[in-house]
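Q: Quick one, target-v2.txt (compact mmCIF, C-alpha atoms (C1' of nucleotides)):
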```
# COMPACT_ATOMS: atom_id res chain seq x y z
CA MET A 1454 46.02 8.46 10.99
CA THR A 1455 48.32 8.05 13.86
CA SER A 1456 49.28 11.36 15.28
CA GLN A 1457 52.94 11.75 15.94
CA PRO A 1458 53.28 15.44 16.57
CA PRO A 1459 56.97 16.24 16.41
CA SER A 1460 56.60 18.36 19.46
CA THR A 1461 59.76 20.07 20.47
CA ALA A 1462 58.57 19.84 24.01
CA ILE A 1463 61.42 19.99 26.43
CA PRO A 1464 60.65 17.63 29.22
CA SER A 1465 60.57 20.13 32.00
CA LEU A 1466 61.13 19.94 35.67
CA ALA A 1467 59.54 16.83 37.00
CA ALA A 1468 59.88 15.12 33.69
CA GLU A 1469 63.56 14.67 34.11
CA SER A 1470 63.24 11.06 33.32
CA PRO A 1471 65.72 10.17 30.65
CA PRO A 1472 64.34 9.98 27.14
CA SER A 1473 63.93 6.30 27.63
CA GLN A 1474 60.31 5.46 27.47
CA VAL A 1475 59.34 5.22 31.06
CA GLU A 1476 56.44 2.90 31.10
CA GLY A 1477 53.19 4.02 32.58
CA GLY A 1478 52.59 7.34 30.98
CA GLY A 1479 54.33 9.48 28.45
CA ASP A 1480 53.11 12.69 29.95
CA SER A 1481 55.82 14.66 28.28
CA GLN A 1482 53.79 15.31 25.19
CA LEU A 1483 50.64 16.25 27.08
CA SER A 1484 49.55 19.78 27.70
CA LEU A 1485 50.07 21.11 31.17
CA GLU A 1486 46.38 20.84 31.85
CA ASP A 1487 46.28 17.25 30.78
CA GLN A 1488 49.28 16.46 32.89
CA LEU A 1489 47.49 18.08 35.76
CA PHE A 1490 44.41 16.02 35.16
CA VAL A 1491 46.42 12.83 35.04
CA ALA A 1492 48.13 13.67 38.29
CA LEU A 1493 44.77 14.37 39.88
CA ARG A 1494 43.39 11.11 38.59
CA ARG A 1495 46.36 9.24 39.99
CA ILE A 1496 45.82 10.88 43.35
CA THR A 1497 42.12 10.08 43.31
CA ARG A 1498 42.83 6.48 42.50
CA ALA A 1499 45.46 6.21 45.19
CA MET A 1500 42.96 7.56 47.70
CA ASP A 1501 40.40 5.01 46.60
CA LEU A 1502 42.85 2.15 46.85
CA GLN A 1503 44.00 3.24 50.27
CA SER A 1504 40.40 3.34 51.40
CA ARG A 1505 39.83 -0.19 50.14
CA LEU A 1506 42.92 -1.34 51.95
CA LEU A 1507 41.61 0.16 55.15
CA LEU A 1508 38.28 -1.53 54.60
CA GLN A 1509 39.97 -4.83 54.11
CA ASP A 1510 42.23 -4.56 57.14
CA TYR A 1511 40.02 -2.72 59.61
CA GLY A 1512 36.50 -2.92 58.28
CA LEU A 1513 36.04 0.77 57.68
CA THR A 1514 36.68 3.08 54.77
CA ALA A 1515 38.70 6.25 54.79
CA PRO A 1516 35.63 8.49 54.89
CA GLN A 1517 34.32 6.51 57.83
CA LEU A 1518 37.57 6.90 59.70
CA SER A 1519 37.69 10.53 58.78
CA ALA A 1520 34.19 11.02 60.17
CA LEU A 1521 35.15 9.24 63.34
CA TRP A 1522 38.07 11.57 63.89
CA ALA A 1523 35.91 14.58 63.21
CA ILE A 1524 33.31 13.45 65.71
CA SER A 1525 36.01 12.77 68.24
CA ARG A 1526 37.30 16.28 67.81
CA LEU A 1527 34.00 18.13 67.78
CA GLN A 1528 31.62 16.07 69.86
CA PRO A 1529 28.86 16.53 70.56
CA VAL A 1530 28.27 17.58 67.00
CA PRO A 1531 25.32 17.52 64.60
CA ALA A 1532 25.58 15.42 61.47
CA GLY A 1533 25.52 18.33 59.07
CA VAL A 1534 28.62 19.86 60.61
CA VAL A 1535 30.47 16.60 60.18
CA ALA A 1536 29.43 16.47 56.54
CA ARG A 1537 30.83 19.91 55.91
CA GLU A 1538 33.92 19.15 57.92
CA ILE A 1539 34.92 16.09 55.95
CA HIS A 1540 33.57 17.36 52.63
CA LEU A 1541 30.97 14.76 51.88
CA GLY A 1542 27.33 15.12 50.93
CA TYR A 1543 24.65 14.87 53.60
CA SER A 1544 23.21 11.70 52.20
CA THR A 1545 26.60 10.08 52.07
CA VAL A 1546 27.28 10.96 55.66
CA THR A 1547 24.01 9.38 56.74
CA GLY A 1548 25.19 6.07 55.40
CA ILE A 1549 28.55 6.44 57.03
CA LEU A 1550 26.98 7.21 60.37
CA ASP A 1551 24.77 4.16 60.00
CA ARG A 1552 27.81 1.96 59.70
CA LEU A 1553 29.69 3.64 62.51
CA GLU A 1554 26.66 3.34 64.77
CA ARG A 1555 26.07 -0.27 63.86
CA ARG A 1556 29.61 -0.99 64.93
CA GLY A 1557 28.93 0.71 68.22
CA TRP A 1558 31.54 3.40 67.78
CA ILE A 1559 29.24 6.39 67.85
CA GLY A 1560 25.94 7.26 69.45
CA ARG A 1561 23.16 9.17 67.77
CA ALA A 1562 20.77 11.26 69.79
CA ARG A 1563 18.16 13.73 68.69
CA GLY A 1564 18.95 17.20 69.91
CA ASP A 1565 17.09 18.50 72.94
CA ARG A 1566 16.60 22.02 71.78
CA ASP A 1567 16.08 21.14 68.12
CA ARG A 1568 14.74 17.71 67.53
CA ARG A 1569 15.58 17.82 63.84
CA SER A 1570 19.28 17.74 64.41
CA VAL A 1571 21.20 14.71 65.53
CA SER A 1572 23.87 14.91 68.15
CA LEU A 1573 26.81 12.64 67.56
CA CYS A 1574 29.17 11.37 70.22
CA LEU A 1575 31.84 8.76 70.43
CA THR A 1576 31.11 5.72 72.54
CA ALA A 1577 33.70 4.25 74.84
CA GLU A 1578 34.40 1.62 72.23
CA GLY A 1579 34.78 4.34 69.66
CA GLU A 1580 37.39 6.09 71.76
CA CYS A 1581 39.10 2.81 72.32
CA PHE A 1582 39.19 2.03 68.62
CA LEU A 1583 40.54 5.43 67.73
CA ALA A 1584 43.32 5.01 70.25
CA GLY A 1585 44.79 2.23 68.17
CA ALA A 1586 43.37 3.25 64.82
CA PRO A 1587 45.34 3.38 61.61
CA LYS A 1588 46.23 6.63 59.96
CA LEU A 1589 44.19 8.11 57.17
CA LEU A 1590 47.13 8.22 54.83
CA LYS A 1591 48.93 5.15 53.70
CA SER A 1592 51.96 4.37 55.79
CA GLY A 1593 54.22 4.33 52.77
CA PHE A 1594 53.10 7.78 51.84
CA GLN A 1595 53.54 9.01 55.38
CA GLN A 1596 57.05 7.72 55.52
CA ARG A 1597 57.96 9.38 52.29
CA LEU A 1598 56.41 12.55 53.55
CA ALA A 1599 58.33 12.32 56.77
CA GLY A 1600 61.51 12.04 54.78
CA LEU A 1601 61.07 15.52 53.40
CA ARG A 1602 62.03 18.77 55.01
CA GLN A 1603 59.49 20.70 56.94
CA TRP A 1604 59.25 23.50 54.40
CA GLU A 1605 58.71 20.97 51.66
CA ARG A 1606 55.81 19.43 53.50
CA MET A 1607 54.31 22.83 54.10
CA GLN A 1608 54.78 23.75 50.49
CA ILE A 1609 53.03 20.61 49.38
CA VAL A 1610 50.10 21.13 51.71
CA ALA A 1611 49.82 24.76 50.67
CA THR A 1612 49.76 23.83 47.00
CA LEU A 1613 47.16 21.14 47.53
CA GLN A 1614 44.99 23.52 49.47
CA ARG A 1615 45.38 26.06 46.76
CA VAL A 1616 44.32 23.57 44.11
CA ALA A 1617 41.42 22.49 46.27
CA ASP A 1618 40.38 26.12 46.61
CA MET A 1619 40.56 26.62 42.89
CA MET A 1620 38.56 23.50 42.12
CA ASP A 1621 35.97 23.87 44.81
CA ASP A 1622 33.35 26.39 43.85
CA THR A 1623 31.14 26.01 46.86
CA ASN A 1624 32.87 28.20 49.39
CA LEU A 1625 34.58 30.44 46.94
CA ASP A 1626 32.14 33.30 46.73
CA GLU A 1627 32.23 33.59 50.49
CA ARG A 1628 35.92 34.12 50.43
CA GLY A 1629 36.02 36.52 47.57
CA GLY A 1630 38.82 34.85 45.70
CA VAL A 1631 41.62 32.44 45.80
CA PHE A 1632 44.17 34.89 46.96
CA MET B 714 57.77 25.50 27.23
CA THR B 715 61.29 26.68 26.79
CA SER B 716 61.77 28.38 30.11
CA GLN B 717 63.34 26.47 32.91
CA PRO B 718 61.80 27.39 36.20
CA PRO B 719 64.03 28.77 38.92
CA SER B 720 64.62 25.64 40.85
CA THR B 721 65.23 27.38 44.15
CA ALA B 722 62.15 29.48 43.87
CA ILE B 723 59.71 27.73 46.02
CA PRO B 724 60.30 28.13 49.74
CA SER B 725 57.65 30.07 51.55
CA LEU B 726 55.45 30.91 48.61
CA ALA B 727 51.89 30.24 49.50
CA ALA B 728 52.58 28.70 52.85
CA GLU B 729 51.91 31.93 54.62
CA SER B 730 48.44 31.05 55.74
CA PRO B 731 47.64 33.57 58.42
CA PRO B 732 46.10 32.28 61.61
CA SER B 733 42.80 33.79 60.62
CA GLN B 734 40.00 31.28 60.90
CA VAL B 735 38.54 30.83 57.50
CA GLU B 736 35.02 29.53 57.70
CA GLY B 737 34.12 26.05 56.62
CA GLY B 738 36.91 24.12 58.18
CA GLY B 739 39.10 25.06 61.07
CA ASP B 740 42.08 23.37 59.59
CA SER B 741 44.38 25.50 61.64
CA GLN B 742 44.30 23.12 64.56
CA LEU B 743 44.77 20.02 62.47
CA SER B 744 48.05 18.29 62.01
CA LEU B 745 49.77 18.80 58.73
CA GLU B 746 48.87 15.30 57.69
CA ASP B 747 45.23 15.83 58.45
CA GLN B 748 45.24 19.08 56.56
CA LEU B 749 46.75 17.23 53.68
CA PHE B 750 44.09 14.58 53.84
CA VAL B 751 41.34 17.17 53.90
CA ALA B 752 42.81 18.93 50.90
CA LEU B 753 43.00 15.63 49.06
CA ARG B 754 39.43 14.82 49.95
CA ARG B 755 38.30 18.21 48.68
CA ILE B 756 40.13 17.63 45.43
CA THR B 757 38.65 14.17 45.06
CA ARG B 758 35.19 15.49 45.64
CA ALA B 759 35.67 18.34 43.20
CA MET B 760 36.75 15.83 40.58
CA ASP B 761 33.69 13.73 41.23
CA LEU B 762 31.37 16.69 41.00
CA GLN B 763 32.98 17.88 37.80
CA SER B 764 32.51 14.44 36.34
CA ARG B 765 28.83 14.47 37.27
CA LEU B 766 28.46 17.86 35.69
CA LEU B 767 29.97 16.53 32.49
CA LEU B 768 27.64 13.56 32.62
CA GLN B 769 24.67 15.82 32.99
CA ASP B 770 25.65 18.21 30.23
CA TYR B 771 27.28 15.89 27.72
CA GLY B 772 26.27 12.41 28.71
CA LEU B 773 29.75 11.17 29.53
CA THR B 774 31.86 11.12 32.65
CA ALA B 775 35.36 12.47 33.07
CA PRO B 776 36.97 9.03 32.85
CA GLN B 777 35.06 8.38 29.64
CA LEU B 778 36.22 11.64 28.13
CA SER B 779 39.71 10.97 29.33
CA ALA B 780 39.66 7.58 27.67
CA LEU B 781 38.39 9.12 24.47
CA TRP B 782 41.28 11.56 24.38
CA ALA B 783 43.74 8.81 25.08
CA ILE B 784 42.38 6.69 22.26
CA SER B 785 42.46 9.67 19.96
CA ARG B 786 46.09 10.20 20.80
CA LEU B 787 47.28 6.62 20.63
CA GLN B 788 45.01 4.86 18.18
CA PRO B 789 45.01 2.16 17.24
CA VAL B 790 45.59 1.07 20.80
CA PRO B 791 44.77 -1.99 22.89
CA ALA B 792 42.49 -1.60 25.87
CA GLY B 793 45.11 -2.39 28.45
CA VAL B 794 47.31 0.46 27.34
CA VAL B 795 44.43 2.85 27.70
CA ALA B 796 43.77 1.56 31.19
CA ARG B 797 47.34 2.22 32.23
CA GLU B 798 47.37 5.53 30.46
CA ILE B 799 44.38 6.94 32.29
CA HIS B 800 45.04 5.11 35.54
CA LEU B 801 41.94 3.01 35.83
CA GLY B 802 41.51 -0.68 36.45
CA TYR B 803 41.05 -3.03 33.53
CA SER B 804 37.54 -3.95 34.53
CA THR B 805 36.59 -0.33 34.87
CA VAL B 806 37.89 0.46 31.43
CA THR B 807 35.83 -2.32 29.93
CA GLY B 808 32.66 -0.63 31.14
CA ILE B 809 33.83 2.73 29.88
CA LEU B 810 34.59 1.29 26.46
CA ASP B 811 31.15 -0.29 26.40
CA ARG B 812 29.55 3.09 26.83
CA LEU B 813 31.82 4.82 24.33
CA GLU B 814 31.16 2.11 21.80
CA ARG B 815 27.43 2.14 22.37
CA ARG B 816 27.50 5.84 21.61
CA GLY B 817 29.32 5.11 18.40
CA TRP B 818 32.40 7.09 19.29
CA ILE B 819 34.89 4.27 19.22
CA GLY B 820 35.28 1.03 17.39
CA ARG B 821 36.46 -2.21 18.93
CA ALA B 822 38.23 -4.81 16.87
CA ARG B 823 40.03 -7.92 17.92
CA GLY B 824 43.68 -7.78 17.00
CA ASP B 825 44.80 -9.61 13.88
CA ARG B 826 48.05 -10.89 15.19
CA ASP B 827 46.84 -11.51 18.72
CA ARG B 828 43.16 -12.13 19.04
CA ARG B 829 43.21 -11.63 22.78
CA SER B 830 43.84 -7.94 22.54
CA VAL B 831 41.32 -5.39 21.40
CA SER B 832 42.25 -2.62 19.05
CA LEU B 833 40.54 0.65 19.74
CA CYS B 834 39.98 3.42 17.23
CA LEU B 835 37.94 6.55 17.11
CA THR B 836 35.05 6.59 14.69
CA ALA B 837 34.30 9.60 12.54
CA GLU B 838 31.62 10.58 15.00
CA GLY B 839 34.10 10.23 17.81
CA GLU B 840 36.51 12.60 16.09
CA CYS B 841 33.67 14.96 15.45
CA PHE B 842 32.58 14.90 19.06
CA LEU B 843 36.08 15.47 20.36
CA ALA B 844 36.44 18.48 18.09
CA GLY B 845 33.79 20.29 20.07
CA ALA B 846 34.22 18.43 23.32
CA PRO B 847 34.42 20.07 26.72
CA LYS B 848 37.61 20.16 28.68
CA LEU B 849 38.42 17.66 31.35
CA LEU B 850 38.84 20.34 33.97
CA LYS B 851 36.08 22.60 35.04
CA SER B 852 36.09 25.88 33.21
CA GLY B 853 36.21 27.87 36.40
CA PHE B 854 39.28 26.01 37.47
CA GLN B 855 40.90 26.46 34.11
CA GLN B 856 40.32 30.17 34.21
CA ARG B 857 41.82 30.47 37.64
CA LEU B 858 44.74 28.42 36.47
CA ALA B 859 45.17 30.61 33.43
CA GLY B 860 45.32 33.61 35.71
CA LEU B 861 48.52 32.36 37.29
CA ARG B 862 52.01 32.82 36.02
CA GLN B 863 53.59 30.10 33.99
CA TRP B 864 56.06 29.10 36.67
CA GLU B 865 53.25 28.86 39.18
CA ARG B 866 51.34 26.49 36.97
CA MET B 867 54.39 24.39 36.48
CA GLN B 868 55.10 24.37 40.17
CA ILE B 869 51.58 23.19 40.89
CA VAL B 870 51.75 20.41 38.34
CA ALA B 871 55.14 19.33 39.61
CA THR B 872 53.88 19.18 43.17
CA LEU B 873 50.81 17.20 42.21
CA GLN B 874 52.91 14.77 40.26
CA ARG B 875 55.20 14.43 43.19
CA VAL B 876 52.32 13.70 45.53
CA ALA B 877 50.92 11.24 43.03
CA ASP B 878 54.28 9.53 42.88
CA MET B 879 54.45 9.32 46.63
CA MET B 880 50.95 7.93 46.96
CA ASP B 881 51.11 5.53 44.09
CA ASP B 882 52.96 2.39 44.99
CA THR B 883 52.44 0.56 41.76
CA ASN B 884 55.16 1.98 39.58
CA LEU B 885 57.47 2.99 42.35
CA ASP B 886 59.71 0.01 42.58
CA GLU B 887 60.34 0.18 38.88
CA ARG B 888 61.65 3.66 39.19
CA GLY B 889 63.71 3.11 42.26
CA GLY B 890 62.37 6.04 44.19
CA VAL B 891 60.56 9.29 44.11
CA PHE B 892 63.54 11.36 43.24
C1' DC C 1265 52.21 -31.84 19.96
C1' DA C 1266 49.65 -32.06 24.52
C1' DG C 1267 49.26 -29.84 28.93
C1' DA C 1268 50.62 -26.02 31.81
C1' DA C 1269 51.47 -21.38 32.46
C1' DT C 1270 50.67 -16.82 31.00
C1' DC C 1271 48.26 -12.95 29.09
C1' DA C 1272 44.29 -9.49 27.56
C1' DT C 1273 39.91 -8.77 28.34
C1' DT C 1274 35.37 -9.40 30.33
C1' DT C 1275 31.77 -10.72 33.84
C1' DC C 1276 30.15 -10.55 38.51
C1' DG C 1277 29.35 -8.84 43.15
C1' DC C 1278 30.19 -5.30 46.22
C1' DG C 1279 30.45 -0.74 48.42
C1' DT C 1280 30.80 4.11 47.38
C1' DG C 1281 28.89 8.82 46.81
C1' DC C 1282 25.91 11.88 44.61
C1' DA C 1283 21.23 14.36 43.54
C1' DA C 1284 16.42 14.47 44.08
C1' DA C 1285 12.56 13.44 46.63
C1' DT C 1286 10.86 12.67 51.41
C1' DT C 1287 9.99 13.11 56.36
C1' DA C 1288 9.91 15.60 60.48
C1' DA C 1289 10.64 19.76 63.20
C1' DT C 1290 11.17 24.77 63.50
C1' DT C 1291 10.50 29.44 62.22
C1' DA C 1292 8.25 33.18 59.64
C1' DT C 1293 3.98 35.45 58.00
C1' DC C 1294 -0.43 36.89 57.93
C1' DG D 910 -2.94 30.58 65.97
C1' DA D 911 -3.02 28.40 61.27
C1' DT D 912 -0.50 28.18 56.96
C1' DA D 913 3.61 28.68 54.40
C1' DA D 914 8.55 28.64 54.03
C1' DT D 915 12.84 26.90 55.84
C1' DT D 916 15.93 23.59 57.91
C1' DA D 917 18.17 18.80 59.36
C1' DA D 918 18.37 14.43 58.36
C1' DT D 919 17.04 10.37 55.76
C1' DT D 920 15.43 7.35 51.86
C1' DT D 921 15.60 6.17 47.02
C1' DG D 922 17.62 5.48 42.51
C1' DC D 923 21.59 5.57 39.80
C1' DA D 924 26.37 5.12 37.86
C1' DC D 925 30.96 4.46 39.13
C1' DG D 926 35.25 1.79 40.07
C1' DC D 927 37.40 -1.81 42.31
C1' DG D 928 38.96 -6.97 43.06
C1' DA D 929 38.26 -11.72 42.12
C1' DA D 930 36.87 -15.10 39.14
C1' DA D 931 35.93 -16.46 34.41
C1' DT D 932 36.80 -16.62 29.40
C1' DG D 933 39.37 -17.09 25.41
C1' DA D 934 43.90 -16.94 23.09
C1' DT D 935 48.95 -17.50 23.06
C1' DT D 936 53.31 -19.11 24.48
C1' DC D 937 56.26 -22.06 27.13
C1' DT D 938 57.81 -27.08 28.43
C1' DG D 939 58.76 -31.47 28.18
```
What does this structure look like when you write it as structure tokens?
A:
Amino acid sequence: MTSQPPSTAIPSLAAESPPSQVEGGGDSQLSLEDQLFVALRRITRAMDLQSRLLLQDYGLTAPQLSALWAISRLQPVPAGVVAREIHLGYSTVTGILDRLERRGWIGRARGDRDRRSVSLCLTAEGECFLAGAPKLLKSGFQQRLAGLRQWERMQIVATLQRVADMMDDTNLDERGGVF
Amino acid sequence: MTSQPPSTAIPSLAAESPPSQVEGGGDSQLSLEDQLFVALRRITRAMDLQSRLLLQDYGLTAPQLSALWAISRLQPVPAGVVAREIHLGYSTVTGILDRLERRGWIGRARGDRDRRSVSLCLTAEGECFLAGAPKLLKSGFQQRLAGLRQWERMQIVATLQRVADMMDDTNLDERGGVF
DNA sequence: CAGAATCATTTCGCGTGCAAATTAATTATC
DNA sequence: GATAATTAATTTGCACGCGAAATGATTCTG
């Protein structure tokens, strides 16, 4: 019936919470892979919630803001490049650009040389908005991050990039491997 | 599981990204925070795509499978516990349970003592399905993970959990801090 | 013991993000 | 130079996951 595996699992490393049942998730008895999945799910959810918060406070989602920054950095830039840059599908980016354009933050213009492509540029209002725009990452998270040492931050980023590389099949063959 | 990782091990590790421009995203000129965001976005997307792949091949999404495993592990279990366990909102879990129930993999029953709560159990078919069920993480990712050393895997999981802790405000106050 | 407060779950409305099909423009092939 | 193949962007259809409000059940108060 109920599975109570008497696992001898030593709560390792990050699981140095005392044997008291910490509410929220008894990861200790999960396999490493499952723990990893849970952590990833928590991160995904946190990203989603942060995006909703942005939407509520500023009227744009995190992907929208991310696109805006990318355009600001690369303009004039075709839509496809932005999609690849911020790791969203083409069709998704179209919708995002619609909303950014409707708000008057970006301008769309068909390319001169190639009239299939769309050239994206920030408008003056777009620049203005970005000047006072919120950060992509939640302020609480940023603060906590800032509280770490430089090498810790770099280590975290490196690990995340490594995980992203391992999960993301698309541009893996081009690179020839994770290492 | 018995080995304690060398706690001082981590410093430079994978952080030695050479200035070479890898195609796809010129992260090199981005701030550390932006690089972090991009990595998180890539991970989120990879999770989404993996879930779609599951849906296509097995007819259930990653959250559904995750819920199924959780129920299998904790049954009989009320819905709210499952929601907290797999880090999804209550309302989301309701929909997931609908689909799992419609497929005949779980059974819902109002609690005897408290008729507000719903007791969830796996059906025989559910058990059967789980026996041959796919993993939550993409096979390619799992293989790459398996290719690492144990301490590397643990380091990755620990870092992800740490990031999740830092991003997730909900159960932070209860714990008193990240450390 | 009635009414209020609380709790677990569900319903509803919304925006997201994807794949597949579509449109429009460019390049390749014969 | 016309037809086919490719490319960039968009439209369409679908399921997800959230918050807020609603529902039904239980406990707290006076």
Q: With a cut-off of 8 Å and counting all atoms listed in the file, select all residues of chain D in contact with chain B and give the selection as an MDAnalysis selection string.
A: chainID D and resid 926:927 933:935
Q: Could those residues be written to a file, using C-alpha atoms (C1' of nucleotides), as an mmCIF file, in the frame of the given file?
A:
```
data_model
loop_
_atom_site.group_PDB
_atom_site.id
_atom_site.type_symbol
_atom_site.label_atom_id
_atom_site.label_comp_id
_atom_site.auth_asym_id
_atom_site.auth_seq_id
_atom_site.Cartn_x
_atom_site.Cartn_y
_atom_site.Cartn_z
ATOM 1 C "C1'" DG D 926 35.250 1.790 40.070
ATOM 2 C "C1'" DC D 927 37.400 -1.810 42.310
ATOM 3 C "C1'" DG D 933 39.370 -17.090 25.410
ATOM 4 C "C1'" DA D 934 43.900 -16.940 23.090
ATOM 5 C "C1'" DT D 935 48.950 -17.500 23.060
#
```
Q: State, in Å with one decimal place, the distance from C1' of DA1292 (chain C) to C1' of DG910 (chain D).
A: 13.1 Å
Q: Return the neighbours of chain A among the residues of chain B, cut-off 6 Å, counting only C-alpha atoms, as a list in words.
A: Ala727, Ala728, Gly738, Leu749, Ala752, Arg755, Ile756, Thr757, Ala759, Glu798, Phe854, Val870, Ala871, Leu873, Gln874, Ala877, Met879, Met880 and Asp881 of chain B
Q: Can you check which residues of chain C have any atom within 8 Å of chain B? Use all atoms listed in the file and format it as a list in words.
A: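 Within 8 Å of chain B on chain C, we get DA1272, DT1273 and DT1274 of chain C.
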Q: Set the distance at 10 Å and use only C-alpha atoms (C1' of nucleotides): which residues neighbour DT1287 (chain C) once local chain neighbours fewer than 6 positions away are removed? I'd like the list as a PDB file with C-alpha atoms (C1' of nucleotides), in the frame of the given file.
A:
```pdb
ATOM      1  C1'  DA D 918      18.370  14.430  58.360  1.00  0.00           C
ATOM      2  C1'  DT D 919      17.040  10.370  55.760  1.00  0.00           C
ATOM      3  C1'  DT D 920      15.430   7.350  51.860  1.00  0.00           C
TER       4       DT D 920
END
```
Q: Taking 6 positions as the minimum chain separation for residues in the same chain, which residues sit within 12 Å of Glu838 (chain B) when counting only C-alpha atoms (C1' of nucleotides)? Answer as number ranges by chain.
A: B: 781, 785, 813-820, 844-846
Q: Rounded to one decimal, what separation in Å do you get between C1' of DT916 (chain D) and C1' of DC1294 (chain C)?
A: 21.1 Å
Q: Neighbouring residues of DG922 (chain D) were defined as those with any atom within 12 Å, considering all atoms listed in the file; residues of the same chain fewer than 3 positions away were excluded. Please report them as JSON, numbers by chain.
A: {"C": [1282, 1283, 1284, 1285]}
Q: What does the distance between C1' of DC923 (chain D) and C1' of DG1281 (chain C) come to in Å, to one decimal place?
A: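 Going from C1' of DC923 (chain D) over to C1' of DG1281 (chain C), I get 10.6 Å.
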Q: Take the point (23.4, 14.3, 72.1) as written in the file and pick out every residue within 8 Å of it, counting all atoms listed in the file; give the list as a list in words.
A: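 Output of the proximity query reads Pro1529, Val1530, Gly1560, Arg1561, Ala1562, Arg1563, Gly1564, Asp1565, Val1571, Ser1572, Leu1573 and Cys1574 of chain A.
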